[in-house]
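Structure record follows, encoded as C-alpha cells.
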Amino acid sequence: MPHYFRKPAAWLLSGLLLGSTGVLAQTPAPVAMPAPASSLRTYALRLHPGDDLRLALQRFVEQHQLRAAAVLTCVGSLTTVSLRLANQTGASTRQGHFEIVSLVGTLAVSGSHLHLAVADSTGQMTGGHLLEGNKVYTTVELVIGELPELEFRRETDPVSTYQELTIYPRRAPKTGKRKNTE
C-alpha cells in the first residue's frame with residue numbers, strides 16, 4: 001500500500017490545504033480572482049402571475065442601476081420554462097407547472113449571468129441558463145444582494161473565449177468639481 005494511504009485523514013487535508021510535497025498536493029490549487037470586500041445592500045421583491053422572470057430582473061437591475069449584485073434566494077413557480085441547456089445554442093422551452101428549486105447568478109447593468117433549476121409535477125428536474133420567456137405561475141419571491149463597492153463587467157476570457165465575469169472596485173462618482181490648484 002502506498003505511504004500516502006496510511007496517513008491520517010487530517011494529514012491528507014493539511015497536505016492539500018498547505019501544499020505539502022505529497023502526491024495529492026501535485027494537483028494545482030484553484031485560482032481565485034481576488035476582489036476587495038464590500039458591504040451588502042439587500043432588496044426584496046415579488047413577481048406576479050404572467051411576469052417574465054428574466055425581463056423583470058433586467059428591469060429591476062436597470063431601475064436601480066445595480067453594478068454588482070447577486071441573487072441571494074428565490075422561490076416560486078412558473079408555467080413556461082425557457083433555458084439554454086449546457087453546451088447548446090438554442091432555447092429549450094417547456095410548458096406546465098414548475099417549482100423553482102434554485103435561481104443563482106450575478107446581476108449588473110453591464111450584463112447578468114443566471115442559472116435556473118426547476119422541478120415539474122413528477123419531481124423531474126431541469127436547469128440551465130435563464131432566458132427570456134419564463135412566465136410566473138403564482139408568485140416568485142426574490143432577495144437580491146447588491147455589492148455597492150464593486151463593479152461587475154463581462155470581458156472576453158482568453159481561455160474560454162466567452163464574456164466572463166471580471167470584478168473591479170467601484171470608482172467614486174465624479175462630482176464635476178475641480179481641484180483647487182492654487
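Going through the C-alpha cells in order, the chains are called A, B, and so on, while each chain numbers its residues from 1 and the ligands are numbered from 1 in the order shown.
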Near-Thr93 in chain A list (12 Å; only C-alpha atoms; drop same-chain fewer than 4 positions) as a compact mmCIF listing (two decimals) with C-alpha atoms, in the first residue's frame:
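result-v4.txt, freshly written:
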```
# COMPACT_ATOMS: atom_id res chain seq x y z
CA LEU A 78 -43.53 29.04 -13.45
CA THR A 79 -45.87 27.92 -16.24
CA THR A 80 -43.29 28.30 -19.00
CA VAL A 81 -39.61 27.49 -18.63
CA SER A 82 -37.11 28.74 -21.19
CA LEU A 83 -33.48 27.72 -20.69
CA ARG A 84 -30.30 27.36 -22.67
CA LEU A 85 -29.04 23.93 -21.70
CA THR A 126 -34.02 20.52 -15.42
CA GLY A 127 -31.75 23.50 -15.36
CA GLY A 128 -29.67 25.84 -17.46
CA HIS A 129 -29.07 29.46 -18.38
CA LEU A 130 -32.12 31.63 -17.67
CA LEU A 131 -33.54 33.11 -20.88
CA GLU A 132 -36.50 35.38 -21.58
CA GLY A 133 -39.87 33.63 -21.61
CA ASN A 134 -40.02 32.17 -18.08
CA LYS A 135 -43.59 33.04 -17.06
```
Shell around Ser39 in chain A at 9 Å using only C-alpha atoms, local window under 3 positions removed, as a CSV table (one decimal) with C-alpha atoms, in the first residue's frame:
```csv
chain,number,residue,atom,x,y,z
A,146,GLU,CA,-26.0,44.5,-4.1
A,147,LEU,CA,-22.3,44.9,-3.5
A,148,PRO,CA,-22.0,48.8,-3.7
A,149,GLU,CA,-18.2,48.9,-3.5
```
request  = Go ahead and compute the interatomic distance for CA of Arg154 in chain A and CA of Thr73 in chain A, in Å to one decimal.
outcome  =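 Interatomic distance here is 22.9 Å.
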Exercise: Ala44 in chain A partners within 10 Å, only C-alpha atoms, chain neighbours under 4 positions left out, as a PDB file with N, CA and C atoms, in the first residue's frame:
```
ATOM      1  N   LEU A  72     -29.734  36.199  -3.969  1.00  0.00           N
ATOM      2  CA  LEU A  72     -29.482  35.550  -2.679  1.00  0.00           C
ATOM      3  C   LEU A  72     -30.430  34.380  -2.448  1.00  0.00           C
ATOM      4  N   THR A  73     -31.692  34.553  -2.815  1.00  0.00           N
ATOM      5  CA  THR A  73     -32.658  33.463  -2.695  1.00  0.00           C
ATOM      6  C   THR A  73     -33.817  33.719  -3.641  1.00  0.00           C
ATOM      7  N   CYS A  74     -34.460  32.640  -4.038  1.00  0.00           N
ATOM      8  CA  CYS A  74     -35.611  32.741  -4.925  1.00  0.00           C
ATOM      9  C   CYS A  74     -36.472  31.503  -4.753  1.00  0.00           C
ATOM     10  N   GLU A 141     -40.680  34.988  -5.401  1.00  0.00           N
ATOM     11  CA  GLU A 141     -40.188  35.824  -4.307  1.00  0.00           C
ATOM     12  C   GLU A 141     -38.667  35.810  -4.353  1.00  0.00           C
ATOM     13  N   LEU A 142     -38.081  36.999  -4.455  1.00  0.00           N
ATOM     14  CA  LEU A 142     -36.635  37.130  -4.639  1.00  0.00           C
ATOM     15  C   LEU A 142     -36.021  38.027  -3.590  1.00  0.00           C
ATOM     16  N   VAL A 143     -34.801  37.705  -3.201  1.00  0.00           N
ATOM     17  CA  VAL A 143     -33.969  38.622  -2.435  1.00  0.00           C
ATOM     18  C   VAL A 143     -32.683  38.776  -3.234  1.00  0.00           C
ATOM     19  N   ILE A 144     -32.342  40.024  -3.516  1.00  0.00           N
ATOM     20  CA  ILE A 144     -31.158  40.355  -4.302  1.00  0.00           C
ATOM     21  C   ILE A 144     -30.202  41.123  -3.410  1.00  0.00           C
ATOM     22  N   GLY A 145     -28.939  40.782  -3.493  1.00  0.00           N
ATOM     23  CA  GLY A 145     -27.909  41.480  -2.735  1.00  0.00           C
ATOM     24  C   GLY A 145     -27.042  42.308  -3.662  1.00  0.00           C
TER      25      GLY A 145
END
```
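Going from CA of Gly50 in chain A to CA of Thr138 in chain A covers 8.4 Å.
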task = Please provide as a list in words all residues within 8 Å of Leu66 in chain A, with the sequence filter that same-chain residues fewer than 5 positions apart are discarded (counting only C-alpha atoms).
result =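 Near Leu66 in chain A, the qualifying residues are Val61, Leu107, Ala108, Val109 and Glu146 of chain A.
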Would you put the residues from that selection into a file with C-alpha atoms, as a PDB file, in the first residue's frame?
```pdb
ATOM      1  CA  VAL A  61     -31.292  45.965 -12.319  1.00  0.00           C
ATOM      2  CA  LEU A 107     -26.570  40.754 -11.965  1.00  0.00           C
ATOM      3  CA  ALA A 108     -25.286  44.046 -13.351  1.00  0.00           C
ATOM      4  CA  VAL A 109     -26.301  46.713 -15.839  1.00  0.00           C
ATOM      5  CA  GLU A 146     -26.036  44.484  -4.120  1.00  0.00           C
TER       6      GLU A 146
END
```
DSSP strand (DSSP E) selection over range 51-155 of chain A, as a VMD selection string = chain A and resid 69 to 84 92 to 107 113 to 119 125 to 130 135 to 146 150 to 155
query = When you draw a straight line from CA of Met125 in chain A to CA of Gln58 in chain A, how long is it in Å?
reply =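 Between CA of Met125 in chain A and CA of Gln58 in chain A the gap works out to 24.9 Å.
When DSSP reads the backbone of this structure, the residues of range 32-140 of chain A it assigns to helix (DSSP H, G or I) are A:Leu53, A:Arg54, A:Leu55, A:Ala56, A:Leu57, A:Gln58, A:Arg59, A:Phe60, A:Val61, A:Glu62, A:Gln63.
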Please produce a file of those selected residues containing N, CA and C atoms, as a PDB file, in the first residue's frame.
```
ATOM      1  N   LEU A  53     -39.698  36.293 -15.751  1.00  0.00           N
ATOM      2  CA  LEU A  53     -38.669  36.320 -14.710  1.00  0.00           C
ATOM      3  C   LEU A  53     -37.414  37.050 -15.167  1.00  0.00           C
ATOM      4  N   ARG A  54     -36.894  36.721 -16.324  1.00  0.00           N
ATOM      5  CA  ARG A  54     -35.649  37.338 -16.811  1.00  0.00           C
ATOM      6  C   ARG A  54     -35.846  38.827 -17.070  1.00  0.00           C
ATOM      7  N   LEU A  55     -36.933  39.187 -17.752  1.00  0.00           N
ATOM      8  CA  LEU A  55     -37.177  40.601 -18.058  1.00  0.00           C
ATOM      9  C   LEU A  55     -37.423  41.415 -16.795  1.00  0.00           C
ATOM     10  N   ALA A  56     -38.127  40.841 -15.819  1.00  0.00           N
ATOM     11  CA  ALA A  56     -38.381  41.554 -14.561  1.00  0.00           C
ATOM     12  C   ALA A  56     -37.074  41.814 -13.821  1.00  0.00           C
ATOM     13  N   LEU A  57     -36.188  40.828 -13.798  1.00  0.00           N
ATOM     14  CA  LEU A  57     -34.881  41.028 -13.158  1.00  0.00           C
ATOM     15  C   LEU A  57     -34.074  42.092 -13.894  1.00  0.00           C
ATOM     16  N   GLN A  58     -34.101  42.038 -15.209  1.00  0.00           N
ATOM     17  CA  GLN A  58     -33.371  43.023 -16.012  1.00  0.00           C
ATOM     18  C   GLN A  58     -33.891  44.440 -15.750  1.00  0.00           C
ATOM     19  N   ARG A  59     -35.218  44.589 -15.708  1.00  0.00           N
ATOM     20  CA  ARG A  59     -35.813  45.909 -15.415  1.00  0.00           C
ATOM     21  C   ARG A  59     -35.396  46.393 -14.031  1.00  0.00           C
ATOM     22  N   PHE A  60     -35.427  45.496 -13.046  1.00  0.00           N
ATOM     23  CA  PHE A  60     -35.050  45.858 -11.680  1.00  0.00           C
ATOM     24  C   PHE A  60     -33.602  46.331 -11.627  1.00  0.00           C
ATOM     25  N   VAL A  61     -32.715  45.607 -12.283  1.00  0.00           N
ATOM     26  CA  VAL A  61     -31.292  45.965 -12.319  1.00  0.00           C
ATOM     27  C   VAL A  61     -31.116  47.343 -12.949  1.00  0.00           C
ATOM     28  N   GLU A  62     -31.812  47.598 -14.049  1.00  0.00           N
ATOM     29  CA  GLU A  62     -31.698  48.893 -14.727  1.00  0.00           C
ATOM     30  C   GLU A  62     -32.304  50.022 -13.898  1.00  0.00           C
ATOM     31  N   GLN A  63     -33.471  49.784 -13.288  1.00  0.00           N
ATOM     32  CA  GLN A  63     -34.114  50.811 -12.459  1.00  0.00           C
ATOM     33  C   GLN A  63     -33.233  51.226 -11.292  1.00  0.00           C
TER      34      GLN A  63
END
```
task = Check the smallest atom-to-atom distance from each of A:Asp52, A:Thr166, A:Leu45, A:Arg171 to Val75 in chain A using only C-alpha atoms, then report the winner.
result = A:Leu45
